[in-house]
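Have a look at the structure below, then the notes.
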Amino acid sequence: MGVMELFKKRTGLEEKFYKACRAVTDEHDYVIYDMDYIHGSSTVRLFIMNSETKTAVIEDCIKIDRGLSSFFEEDWVPDDVVLEVSSPGVYRTLKTKENFEAAVGEIISCSISGSLSEEIVKDAPESLKNEKNFRGVLKKFNEENILLEIDGFELPLVIEQIKKANLDPDL
């Protein structure tokens with residue numbers, strides 16, 4: 001799974017579900033934060049949020065769930081599909097370009113596969129040199145890398161190395 005979903009293209013049923021969900025969320029002024037179609041359990045997981053509050057309350061989820069009920073009764077939808085609508089949560093996963101762009105300036109946690117390059121390690125504080133898990137302020141994002149500020153040190157991480165990333169605010 002991991003962050004490489006940054007470049008994921010939706011196809012087949014997943015694309016049809018996304019378009020149906022998008023039509024309903026747009027109609028009610030919500031944003032799709034993320035959507036997963038889990039084939040094995042026939043579950044469509046939709047994470048929505050109000051574009052102003054950046055979250056969703058139970059009433060928002062119910063409104064979208066009801067708005068989608070007619071779509072999920074159409075012939076192309078497998079009988080066993082279950083729809084789950086929820087808020088992305090405080091510690092929301094960062095998987096898409098939009099997720100990362102919205103998180104710039106926020107505290108995030110991420111884990112990498114492999115190790116930091118020699119070039120990065122030579123200037124990094126000892127405490128970061130052999131780490132695989134990082135927590136800091138996301139300063140910059142582009143399609144190749146992110147820049148995390150950790151205790152005053154700016155650590156560049158290659159997108160392709162990131163296994164998992166999520167918001168990790170101080171609450």
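Residues in the structure tokens are numbered from 1 in each chain, the chains being A, B, ... in the order shown, and ligands are numbered from 1 in the order shown.
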* **Surrounding residues of segment 6-19 of chain A excluding itself and chain neighbours under 6 positions, 6 Å, only C-alpha atoms, as a list in words** => Tyr37, Lys95, Thr96 and Lys97 of chain A
* Run DSSP on the backbone of this structure and report the residues of segment 27-163 of chain A it assigns to strand (DSSP E or B), as a count of residues only. => 52
* Asked: Hey, which of A:Ile48, A:Leu138, A:Phe153, A:Ile32 ends up closest to Ser86 of chain A? Count only C-alpha atoms.
  ->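 Smallest distance to Ser86 of chain A is found for A:Ile48.
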